[in-house]
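The structure appears below as structure tokens.
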Amino acid sequence: MKLITSFCFCMLSVVSLVSFAQTKTGPAGHWEGSIAVPSMEIKVLIDLALDAGGQWIGDIDMPERKVTDLPLKGISVNGSAVSFELPGPSVPKFQGKLSEDGNSLSGDFIQAGNTFPFTLKRTGEAKVSAPAKNAELPSQYIGKWEGNIKTPAGSLRTVFNLANKSGAADGTIDSPDQGAMGIPMNEISVTGGSIKMTVRIVNGSFVGKLSEDGKTLTGEWTQSGNPLPLVLTKAQ
């Protein structure tokens, strides 16, 4: 079972760190613990807080996966019941319950029909990393881009979907050969004739240069520090 989608694979903008005060009984705070999967434990660091508008926000680090400041979504707090999701295929989800003293949170981590126990301990105040909004993409980058990543295990079809939504660059990646669709991108930026995209859930990034005719992006996909050449062609 792949705990985090292995896009290839095996899982720039300025960010501001904002500190939020914790409460004794609510889930706001910095949490540290692990998910117990067969033969190992996955360490997780989680920050949960209320923003200025009273909405829950949060992010997660997974050091062994080299995943940092991955935004959480679907955060729900109902009394002592707390749940939140990770972005990406199969929507990995934490469903837990606060202890009576509010200093521990435990429950189930659920992904693709598999359930594993997790336990977290509150260790301090939350510091949620709030990414700046991506600038809009120039029109020549918008669309579907297709290519193949050559890995030691073989070639993997790859599709980048780029668009502008709500005045900001937005994108997802599909890996059809692995059945992983809609993997969300995080930071997307264009400088000169080059584009950079980061995909935090798989600790990946792509940097590519647009051809003069606007039909190809030539560059490298890097995941966990391992670069692989990648040429993407714009679909018609």
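Order determines the names: the first chain of the structure tokens is A, the second B, and so forth; residues in each chain are numbered 1 upward, and ligands are numbered 1 upward as they are shown.
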Which of range 7-232 of chain A fall in strand (DSSP E), as a compact mmCIF listing (two decimals) with N, CA and C atoms, in the first residue's frame:
```txt
# COMPACT_ATOMS: atom_id res chain seq x y z
N VAL A 15 6.29 32.68 1.31
CA VAL A 15 5.35 32.20 2.30
C VAL A 15 5.57 32.96 3.59
N SER A 16 4.51 33.10 4.34
CA SER A 16 4.61 33.80 5.61
C SER A 16 4.22 32.85 6.72
N LEU A 17 4.98 32.86 7.80
CA LEU A 17 4.68 32.04 8.95
C LEU A 17 3.90 32.88 9.94
N VAL A 18 2.72 32.41 10.30
CA VAL A 18 1.87 33.14 11.21
C VAL A 18 1.62 32.27 12.43
N SER A 19 1.89 32.80 13.59
CA SER A 19 1.66 32.05 14.82
C SER A 19 0.26 32.27 15.31
N PHE A 20 -0.36 31.21 15.81
CA PHE A 20 -1.71 31.27 16.33
C PHE A 20 -1.71 30.72 17.75
N GLY A 29 -3.12 24.14 17.47
CA GLY A 29 -1.80 23.91 18.04
C GLY A 29 -0.89 23.15 17.10
N HIS A 30 0.31 22.89 17.58
CA HIS A 30 1.29 22.09 16.83
C HIS A 30 1.27 20.68 17.40
N TRP A 31 1.10 19.71 16.53
CA TRP A 31 0.95 18.31 16.93
C TRP A 31 2.05 17.45 16.31
N GLU A 32 2.57 16.52 17.11
CA GLU A 32 3.60 15.61 16.61
C GLU A 32 3.22 14.19 16.97
N GLY A 33 3.46 13.28 16.03
CA GLY A 33 3.14 11.89 16.28
C GLY A 33 3.43 11.03 15.08
N SER A 34 2.66 9.96 14.91
CA SER A 34 2.96 9.02 13.84
C SER A 34 1.72 8.23 13.44
N ILE A 35 1.80 7.68 12.22
CA ILE A 35 0.82 6.74 11.69
C ILE A 35 1.46 5.36 11.74
N ALA A 36 0.79 4.40 12.34
CA ALA A 36 1.32 3.05 12.46
C ALA A 36 0.89 2.21 11.26
N VAL A 37 1.81 2.01 10.32
CA VAL A 37 1.55 1.16 9.17
C VAL A 37 2.36 -0.13 9.36
N MET A 40 6.34 -0.40 10.20
CA MET A 40 6.98 0.89 10.40
C MET A 40 5.99 1.92 10.91
N GLU A 41 6.52 3.08 11.32
CA GLU A 41 5.68 4.20 11.69
C GLU A 41 6.09 5.41 10.84
N ILE A 42 5.10 6.15 10.38
CA ILE A 42 5.34 7.35 9.58
C ILE A 42 5.19 8.57 10.49
N LYS A 43 6.27 9.29 10.69
CA LYS A 43 6.21 10.48 11.55
C LYS A 43 5.48 11.60 10.83
N VAL A 44 4.62 12.31 11.59
CA VAL A 44 3.89 13.45 11.02
C VAL A 44 3.94 14.62 12.00
N LEU A 45 4.02 15.81 11.45
CA LEU A 45 3.96 17.07 12.20
C LEU A 45 2.81 17.88 11.63
N ILE A 46 1.87 18.24 12.47
CA ILE A 46 0.64 18.87 11.99
C ILE A 46 0.38 20.16 12.75
N ASP A 47 0.02 21.21 12.01
CA ASP A 47 -0.38 22.48 12.61
C ASP A 47 -1.83 22.77 12.25
N LEU A 48 -2.63 23.10 13.25
CA LEU A 48 -4.03 23.46 13.06
C LEU A 48 -4.30 24.79 13.74
N ALA A 49 -5.05 25.67 13.07
CA ALA A 49 -5.33 26.99 13.62
C ALA A 49 -6.58 27.58 13.00
N LEU A 50 -7.12 28.60 13.64
CA LEU A 50 -8.21 29.38 13.09
C LEU A 50 -7.63 30.64 12.46
N TRP A 56 -10.93 27.12 9.89
CA TRP A 56 -9.80 26.26 10.20
C TRP A 56 -8.84 26.15 9.02
N ILE A 57 -7.56 26.28 9.32
CA ILE A 57 -6.51 26.09 8.34
C ILE A 57 -5.44 25.18 8.96
N GLY A 58 -4.61 24.59 8.13
CA GLY A 58 -3.56 23.74 8.67
C GLY A 58 -2.62 23.23 7.61
N ASP A 59 -1.51 22.64 8.06
CA ASP A 59 -0.58 22.00 7.14
C ASP A 59 0.09 20.83 7.84
N ILE A 60 0.78 20.02 7.05
CA ILE A 60 1.41 18.79 7.56
C ILE A 60 2.81 18.65 7.00
N ASP A 61 3.73 18.16 7.83
CA ASP A 61 5.07 17.74 7.41
C ASP A 61 5.17 16.23 7.59
N MET A 62 5.85 15.58 6.66
CA MET A 62 6.14 14.15 6.77
C MET A 62 7.63 13.99 6.49
N VAL A 67 8.20 15.74 2.80
CA VAL A 67 7.05 16.59 2.51
C VAL A 67 6.95 17.64 3.59
N THR A 68 6.92 18.92 3.20
CA THR A 68 6.84 20.01 4.17
C THR A 68 5.74 20.99 3.80
N ASP A 69 5.08 21.51 4.82
CA ASP A 69 4.07 22.57 4.66
C ASP A 69 3.01 22.24 3.62
N LEU A 70 2.60 20.99 3.58
CA LEU A 70 1.52 20.59 2.66
C LEU A 70 0.20 21.05 3.25
N PRO A 71 -0.54 21.92 2.54
CA PRO A 71 -1.80 22.42 3.11
C PRO A 71 -2.82 21.30 3.31
N LYS A 73 -6.87 20.14 3.89
CA LYS A 73 -8.17 20.60 3.43
C LYS A 73 -9.26 19.84 4.19
N GLY A 74 -10.49 20.31 4.05
CA GLY A 74 -11.63 19.63 4.66
C GLY A 74 -11.52 19.50 6.17
N ILE A 75 -10.93 20.50 6.84
CA ILE A 75 -10.77 20.43 8.29
C ILE A 75 -12.13 20.61 8.95
N SER A 76 -12.48 19.65 9.81
CA SER A 76 -13.77 19.68 10.48
C SER A 76 -13.57 19.44 11.98
N VAL A 77 -14.19 20.30 12.80
CA VAL A 77 -14.12 20.16 14.25
C VAL A 77 -15.55 20.15 14.79
N ASN A 78 -15.92 19.06 15.45
CA ASN A 78 -17.26 18.92 16.01
C ASN A 78 -17.12 18.36 17.41
N ALA A 81 -14.46 15.60 18.16
CA ALA A 81 -14.16 14.92 16.89
C ALA A 81 -13.46 15.88 15.93
N VAL A 82 -12.32 15.46 15.40
CA VAL A 82 -11.51 16.27 14.50
C VAL A 82 -11.15 15.45 13.27
N SER A 83 -11.34 16.01 12.09
CA SER A 83 -10.94 15.32 10.86
C SER A 83 -10.35 16.31 9.88
N PHE A 84 -9.47 15.84 9.03
CA PHE A 84 -8.88 16.67 7.98
C PHE A 84 -8.30 15.76 6.91
N GLU A 85 -8.09 16.34 5.72
CA GLU A 85 -7.67 15.56 4.56
C GLU A 85 -6.39 16.12 3.96
N LYS A 93 -7.18 10.68 4.63
CA LYS A 93 -7.95 11.40 5.64
C LYS A 93 -7.60 10.94 7.04
N PHE A 94 -7.47 11.92 7.94
CA PHE A 94 -7.32 11.66 9.36
C PHE A 94 -8.70 11.86 10.03
N GLN A 95 -9.12 10.87 10.81
CA GLN A 95 -10.34 10.98 11.60
C GLN A 95 -9.98 10.64 13.05
N GLY A 96 -10.08 11.64 13.94
CA GLY A 96 -9.63 11.41 15.30
C GLY A 96 -10.50 12.06 16.34
N LYS A 97 -10.09 11.84 17.58
CA LYS A 97 -10.82 12.39 18.72
C LYS A 97 -9.83 12.93 19.73
N LEU A 98 -10.13 14.12 20.26
CA LEU A 98 -9.30 14.73 21.28
C LEU A 98 -9.49 14.02 22.62
N SER A 104 -3.91 15.27 23.47
CA SER A 104 -3.62 14.20 22.53
C SER A 104 -4.79 14.05 21.55
N LEU A 105 -4.46 13.58 20.37
CA LEU A 105 -5.45 13.39 19.31
C LEU A 105 -5.13 12.05 18.65
N SER A 106 -6.08 11.14 18.65
CA SER A 106 -5.83 9.81 18.09
C SER A 106 -7.04 9.34 17.30
N GLY A 107 -6.79 8.42 16.41
CA GLY A 107 -7.86 7.90 15.58
C GLY A 107 -7.33 7.09 14.42
N ASP A 108 -7.96 7.23 13.26
CA ASP A 108 -7.62 6.43 12.08
C ASP A 108 -7.16 7.31 10.93
N PHE A 109 -6.14 6.83 10.24
CA PHE A 109 -5.72 7.40 8.96
C PHE A 109 -6.27 6.48 7.88
N ILE A 110 -7.03 7.05 6.95
CA ILE A 110 -7.75 6.25 5.95
C ILE A 110 -7.31 6.67 4.55
N GLN A 111 -6.91 5.68 3.75
CA GLN A 111 -6.56 5.95 2.35
C GLN A 111 -6.84 4.72 1.51
N ASN A 114 -7.87 1.52 3.06
CA ASN A 114 -7.01 0.99 4.11
C ASN A 114 -7.07 1.92 5.33
N THR A 115 -7.05 1.34 6.53
CA THR A 115 -7.14 2.11 7.76
C THR A 115 -5.98 1.77 8.68
N PHE A 116 -5.32 2.81 9.19
CA PHE A 116 -4.19 2.63 10.10
C PHE A 116 -4.35 3.60 11.28
N PRO A 117 -3.98 3.18 12.48
CA PRO A 117 -4.12 4.07 13.63
C PRO A 117 -3.06 5.17 13.64
N PHE A 118 -3.44 6.33 14.16
CA PHE A 118 -2.47 7.41 14.36
C PHE A 118 -2.64 7.97 15.77
N THR A 119 -1.56 8.53 16.29
CA THR A 119 -1.58 9.18 17.59
C THR A 119 -0.73 10.45 17.51
N LEU A 120 -1.29 11.57 18.01
CA LEU A 120 -0.60 12.85 18.01
C LEU A 120 -0.60 13.44 19.41
N LYS A 121 0.49 14.14 19.75
CA LYS A 121 0.58 14.87 21.00
C LYS A 121 0.78 16.35 20.71
N ARG A 122 0.04 17.19 21.45
CA ARG A 122 0.22 18.63 21.30
C ARG A 122 1.55 19.05 21.93
N THR A 123 2.38 19.78 21.17
CA THR A 123 3.69 20.17 21.68
C THR A 123 3.92 21.67 21.70
N GLY A 124 2.97 22.46 21.24
CA GLY A 124 3.16 23.90 21.23
C GLY A 124 2.09 24.59 20.42
N ALA A 126 0.53 26.57 17.06
CA ALA A 126 0.55 26.33 15.62
C ALA A 126 1.34 27.40 14.89
N LYS A 127 2.04 26.98 13.86
CA LYS A 127 2.67 27.88 12.91
C LYS A 127 2.31 27.37 11.52
N VAL A 128 1.23 27.90 10.99
CA VAL A 128 0.74 27.44 9.69
C VAL A 128 1.41 28.26 8.60
N SER A 129 2.01 27.57 7.64
CA SER A 129 2.67 28.25 6.53
C SER A 129 1.62 28.61 5.48
N ALA A 130 1.40 29.91 5.31
CA ALA A 130 0.37 30.38 4.38
C ALA A 130 1.03 30.81 3.06
N PRO A 131 0.90 30.03 1.99
CA PRO A 131 1.56 30.37 0.73
C PRO A 131 0.91 31.58 0.07
N GLY A 143 -3.28 24.95 -20.69
CA GLY A 143 -3.69 23.80 -21.49
C GLY A 143 -3.17 22.50 -20.92
N LYS A 144 -3.29 21.44 -21.72
CA LYS A 144 -2.84 20.10 -21.34
C LYS A 144 -1.49 19.83 -21.99
N TRP A 145 -0.54 19.36 -21.17
CA TRP A 145 0.80 19.05 -21.64
C TRP A 145 1.09 17.58 -21.35
N GLU A 146 1.57 16.86 -22.36
CA GLU A 146 1.76 15.41 -22.23
C GLU A 146 3.21 15.03 -22.49
N GLY A 147 3.69 14.05 -21.74
CA GLY A 147 5.05 13.57 -21.92
C GLY A 147 5.26 12.22 -21.25
N ASN A 148 6.51 11.76 -21.24
CA ASN A 148 6.87 10.49 -20.61
C ASN A 148 8.12 10.68 -19.78
N ILE A 149 8.07 10.17 -18.57
CA ILE A 149 9.25 10.21 -17.71
C ILE A 149 9.90 8.84 -17.76
N LYS A 150 11.19 8.84 -18.09
CA LYS A 150 11.95 7.60 -18.17
C LYS A 150 12.53 7.30 -16.79
N THR A 151 12.06 6.23 -16.16
CA THR A 151 12.55 5.83 -14.85
C THR A 151 13.26 4.49 -14.98
N GLY A 154 10.97 1.87 -16.02
CA GLY A 154 10.27 2.00 -17.29
C GLY A 154 9.73 3.41 -17.49
N SER A 155 9.01 3.60 -18.58
CA SER A 155 8.48 4.91 -18.95
C SER A 155 7.08 5.09 -18.36
N LEU A 156 6.84 6.30 -17.83
CA LEU A 156 5.54 6.61 -17.24
C LEU A 156 4.91 7.81 -17.96
N ARG A 157 3.71 7.61 -18.48
CA ARG A 157 2.99 8.71 -19.10
C ARG A 157 2.67 9.77 -18.04
N THR A 158 2.79 11.02 -18.46
CA THR A 158 2.60 12.14 -17.54
C THR A 158 1.79 13.22 -18.23
N VAL A 159 0.81 13.77 -17.52
CA VAL A 159 -0.01 14.84 -18.07
C VAL A 159 -0.05 15.99 -17.07
N PHE A 160 0.34 17.19 -17.52
CA PHE A 160 0.23 18.40 -16.72
C PHE A 160 -0.97 19.20 -17.23
N ASN A 161 -1.85 19.58 -16.33
CA ASN A 161 -3.02 20.38 -16.68
C ASN A 161 -2.87 21.76 -16.04
N LEU A 162 -2.74 22.80 -16.87
CA LEU A 162 -2.48 24.15 -16.38
C LEU A 162 -3.63 25.07 -16.76
N ALA A 163 -4.02 25.92 -15.82
CA ALA A 163 -5.13 26.85 -16.06
C ALA A 163 -5.00 28.04 -15.12
N ASN A 164 -5.83 29.04 -15.36
CA ASN A 164 -6.01 30.16 -14.43
C ASN A 164 -7.38 30.02 -13.79
N LYS A 165 -7.43 30.04 -12.45
CA LYS A 165 -8.69 29.96 -11.73
C LYS A 165 -8.72 31.03 -10.65
N ALA A 168 -5.64 33.24 -10.47
CA ALA A 168 -4.36 32.67 -10.07
C ALA A 168 -4.05 31.42 -10.89
N ALA A 169 -2.75 31.14 -11.06
CA ALA A 169 -2.34 29.92 -11.74
C ALA A 169 -2.76 28.71 -10.92
N ASP A 170 -3.22 27.67 -11.63
CA ASP A 170 -3.69 26.46 -10.97
C ASP A 170 -3.29 25.28 -11.85
N GLY A 171 -3.00 24.14 -11.22
CA GLY A 171 -2.62 23.00 -12.03
C GLY A 171 -2.71 21.68 -11.29
N THR A 172 -2.80 20.60 -12.08
CA THR A 172 -2.79 19.24 -11.55
C THR A 172 -1.93 18.38 -12.47
N ILE A 173 -1.53 17.21 -11.94
CA ILE A 173 -0.75 16.25 -12.71
C ILE A 173 -1.48 14.92 -12.69
N ASP A 174 -1.49 14.25 -13.84
CA ASP A 174 -2.03 12.91 -13.96
C ASP A 174 -0.89 11.93 -14.28
N SER A 175 -0.93 10.77 -13.66
CA SER A 175 -0.01 9.68 -13.99
C SER A 175 -0.86 8.47 -14.36
N ALA A 180 -3.07 7.46 -10.96
CA ALA A 180 -3.05 8.64 -10.08
C ALA A 180 -3.45 9.85 -10.90
N MET A 181 -4.62 10.39 -10.61
CA MET A 181 -5.14 11.51 -11.40
C MET A 181 -5.43 12.69 -10.48
N GLY A 182 -5.20 13.88 -11.02
CA GLY A 182 -5.56 15.09 -10.29
C GLY A 182 -4.66 15.40 -9.12
N ILE A 183 -3.37 15.05 -9.19
CA ILE A 183 -2.43 15.39 -8.13
C ILE A 183 -2.22 16.91 -8.14
N PRO A 184 -2.53 17.61 -7.06
CA PRO A 184 -2.51 19.08 -7.10
C PRO A 184 -1.10 19.67 -7.08
N ILE A 188 3.30 27.76 -8.64
CA ILE A 188 3.49 27.80 -10.10
C ILE A 188 3.96 29.21 -10.44
N SER A 189 5.09 29.31 -11.13
CA SER A 189 5.60 30.65 -11.49
C SER A 189 6.28 30.60 -12.86
N VAL A 190 6.22 31.73 -13.54
CA VAL A 190 6.86 31.88 -14.85
C VAL A 190 7.85 33.03 -14.78
N THR A 191 9.08 32.75 -15.20
CA THR A 191 10.12 33.78 -15.27
C THR A 191 10.74 33.73 -16.65
N SER A 194 10.64 30.46 -18.90
CA SER A 194 10.68 29.22 -18.13
C SER A 194 9.56 29.18 -17.09
N ILE A 195 9.09 27.97 -16.80
CA ILE A 195 8.04 27.78 -15.82
C ILE A 195 8.54 26.82 -14.74
N LYS A 196 8.13 27.07 -13.49
CA LYS A 196 8.47 26.19 -12.39
C LYS A 196 7.19 25.82 -11.67
N MET A 197 7.06 24.52 -11.35
CA MET A 197 5.89 24.02 -10.64
C MET A 197 6.36 23.11 -9.52
N THR A 198 5.77 23.22 -8.34
CA THR A 198 6.09 22.32 -7.25
C THR A 198 4.86 21.49 -6.88
N VAL A 199 5.10 20.26 -6.47
CA VAL A 199 4.04 19.32 -6.11
C VAL A 199 4.44 18.74 -4.75
N GLY A 204 7.95 16.79 -5.30
CA GLY A 204 8.41 16.91 -6.68
C GLY A 204 8.34 18.32 -7.21
N SER A 205 9.07 18.55 -8.29
CA SER A 205 9.02 19.84 -8.98
C SER A 205 9.42 19.67 -10.44
N PHE A 206 8.97 20.60 -11.25
CA PHE A 206 9.34 20.61 -12.66
C PHE A 206 9.78 22.01 -13.04
N VAL A 207 10.88 22.11 -13.76
CA VAL A 207 11.34 23.37 -14.34
C VAL A 207 11.55 23.12 -15.83
N GLY A 208 10.88 23.91 -16.66
CA GLY A 208 10.98 23.72 -18.10
C GLY A 208 10.99 25.01 -18.87
N LYS A 209 11.56 24.96 -20.06
CA LYS A 209 11.64 26.13 -20.93
C LYS A 209 10.69 25.95 -22.10
N LEU A 210 9.92 26.98 -22.39
CA LEU A 210 8.97 26.95 -23.49
C LEU A 210 9.69 27.18 -24.81
N THR A 216 6.24 23.00 -26.95
CA THR A 216 6.91 22.05 -26.05
C THR A 216 7.49 22.77 -24.84
N LEU A 217 7.55 22.03 -23.75
CA LEU A 217 8.25 22.46 -22.54
C LEU A 217 9.36 21.44 -22.29
N THR A 218 10.61 21.88 -22.31
CA THR A 218 11.74 20.98 -22.15
C THR A 218 12.44 21.29 -20.83
N GLY A 219 12.57 20.27 -19.98
CA GLY A 219 13.19 20.53 -18.69
C GLY A 219 13.43 19.27 -17.90
N GLU A 220 13.29 19.38 -16.56
CA GLU A 220 13.54 18.26 -15.67
C GLU A 220 12.45 18.14 -14.61
N TRP A 221 12.05 16.91 -14.37
CA TRP A 221 11.21 16.58 -13.22
C TRP A 221 12.15 16.10 -12.12
N THR A 222 12.08 16.71 -10.94
CA THR A 222 12.92 16.32 -9.82
C THR A 222 12.03 15.87 -8.68
N GLN A 223 12.34 14.67 -8.14
CA GLN A 223 11.59 14.15 -7.02
C GLN A 223 12.55 13.59 -5.99
N ASN A 226 16.10 13.69 -7.01
CA ASN A 226 16.54 12.93 -8.18
C ASN A 226 15.97 13.53 -9.45
N PRO A 227 16.81 14.16 -10.30
CA PRO A 227 16.31 14.78 -11.53
C PRO A 227 16.18 13.78 -12.67
N LEU A 228 15.12 13.94 -13.45
CA LEU A 228 14.91 13.13 -14.63
C LEU A 228 14.46 14.05 -15.78
N PRO A 229 15.02 13.87 -16.99
CA PRO A 229 14.62 14.72 -18.10
C PRO A 229 13.15 14.51 -18.45
N LEU A 230 12.49 15.58 -18.83
CA LEU A 230 11.08 15.49 -19.21
C LEU A 230 10.78 16.52 -20.28
N VAL A 231 10.22 16.05 -21.39
CA VAL A 231 9.76 16.94 -22.46
C VAL A 231 8.24 16.80 -22.55
N LEU A 232 7.55 17.91 -22.45
CA LEU A 232 6.08 17.93 -22.52
C LEU A 232 5.64 18.59 -23.81
```
If you run DSSP on this backbone, which residues of range 10-233 of chain A come out as helix (DSSP H, G or I), and could you give them as a PDB file with N, CA and C atoms, in the first residue's frame?
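The result, written out as part13.pdb:
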```pdb
ATOM      1  N   PRO A  63       8.486  14.087   7.518  1.00  0.00           N
ATOM      2  CA  PRO A  63       9.943  14.162   7.306  1.00  0.00           C
ATOM      3  C   PRO A  63      10.521  13.025   6.483  1.00  0.00           C
ATOM      4  N   GLU A  64      10.067  11.780   6.733  1.00  0.00           N
ATOM      5  CA  GLU A  64      10.628  10.662   5.970  1.00  0.00           C
ATOM      6  C   GLU A  64      10.295  10.761   4.487  1.00  0.00           C
ATOM      7  N   ARG A  65       9.175  11.390   4.178  1.00  0.00           N
ATOM      8  CA  ARG A  65       8.768  11.566   2.782  1.00  0.00           C
ATOM      9  C   ARG A  65       9.289  12.883   2.204  1.00  0.00           C
ATOM     10  N   SER A 139      -1.009  33.171 -21.361  1.00  0.00           N
ATOM     11  CA  SER A 139      -1.919  32.299 -22.111  1.00  0.00           C
ATOM     12  C   SER A 139      -1.218  31.124 -22.789  1.00  0.00           C
ATOM     13  N   GLN A 140       0.050  31.296 -23.202  1.00  0.00           N
ATOM     14  CA  GLN A 140       0.731  30.231 -23.935  1.00  0.00           C
ATOM     15  C   GLN A 140       1.037  29.001 -23.064  1.00  0.00           C
ATOM     16  N   TYR A 141       0.927  29.141 -21.759  1.00  0.00           N
ATOM     17  CA  TYR A 141       1.180  28.000 -20.871  1.00  0.00           C
ATOM     18  C   TYR A 141      -0.095  27.240 -20.507  1.00  0.00           C
ATOM     19  N   PRO A 176      -1.339   8.399 -15.617  1.00  0.00           N
ATOM     20  CA  PRO A 176      -2.309   7.367 -16.009  1.00  0.00           C
ATOM     21  C   PRO A 176      -1.830   5.941 -15.759  1.00  0.00           C
ATOM     22  N   ASP A 177      -0.535   5.686 -15.947  1.00  0.00           N
ATOM     23  CA  ASP A 177      -0.028   4.329 -15.777  1.00  0.00           C
ATOM     24  C   ASP A 177      -0.090   3.862 -14.327  1.00  0.00           C
ATOM     25  N   GLN A 178      -0.184   4.813 -13.395  1.00  0.00           N
ATOM     26  CA  GLN A 178      -0.268   4.469 -11.977  1.00  0.00           C
ATOM     27  C   GLN A 178      -1.671   4.677 -11.419  1.00  0.00           C
ATOM     28  N   ARG A 200       3.997  19.375  -3.686  1.00  0.00           N
ATOM     29  CA  ARG A 200       4.509  19.042  -2.363  1.00  0.00           C
ATOM     30  C   ARG A 200       4.154  17.637  -1.909  1.00  0.00           C
ATOM     31  N   ILE A 201       2.986  17.149  -2.291  1.00  0.00           N
ATOM     32  CA  ILE A 201       2.556  15.847  -1.779  1.00  0.00           C
ATOM     33  C   ILE A 201       3.464  14.717  -2.237  1.00  0.00           C
ATOM     34  N   VAL A 202       4.200  14.890  -3.330  1.00  0.00           N
ATOM     35  CA  VAL A 202       5.147  13.879  -3.786  1.00  0.00           C
ATOM     36  C   VAL A 202       6.584  14.382  -3.726  1.00  0.00           C
TER      37      VAL A 202
END
```
Which one of A:Gly26, A:Ala135, A:Pro152, A:Gly88 sits closest to Met185 in chain A if you count only C-alpha atoms?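 Counting only C-alpha atoms, the residue closest to Met185 in chain A is A:Gly88.
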Restricting the calculation to only C-alpha atoms, which member of A:Ala112, A:Ile142, A:Gly167, A:Pro27 is positioned closest to Gln236 in chain A? A:Ile142
Please compute the CA of Leu72 in chain A-CA of Gly113 in chain A distance, one decimal, in Å. 19.7 Å
Would you work out the distance separating CA of Ser211 in chain A from CA of Gly193 in chain A, expressed in Å to one decimal?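 CA of Gly193 in chain A lies at a distance of 8.1 Å from CA of Ser211 in chain A.
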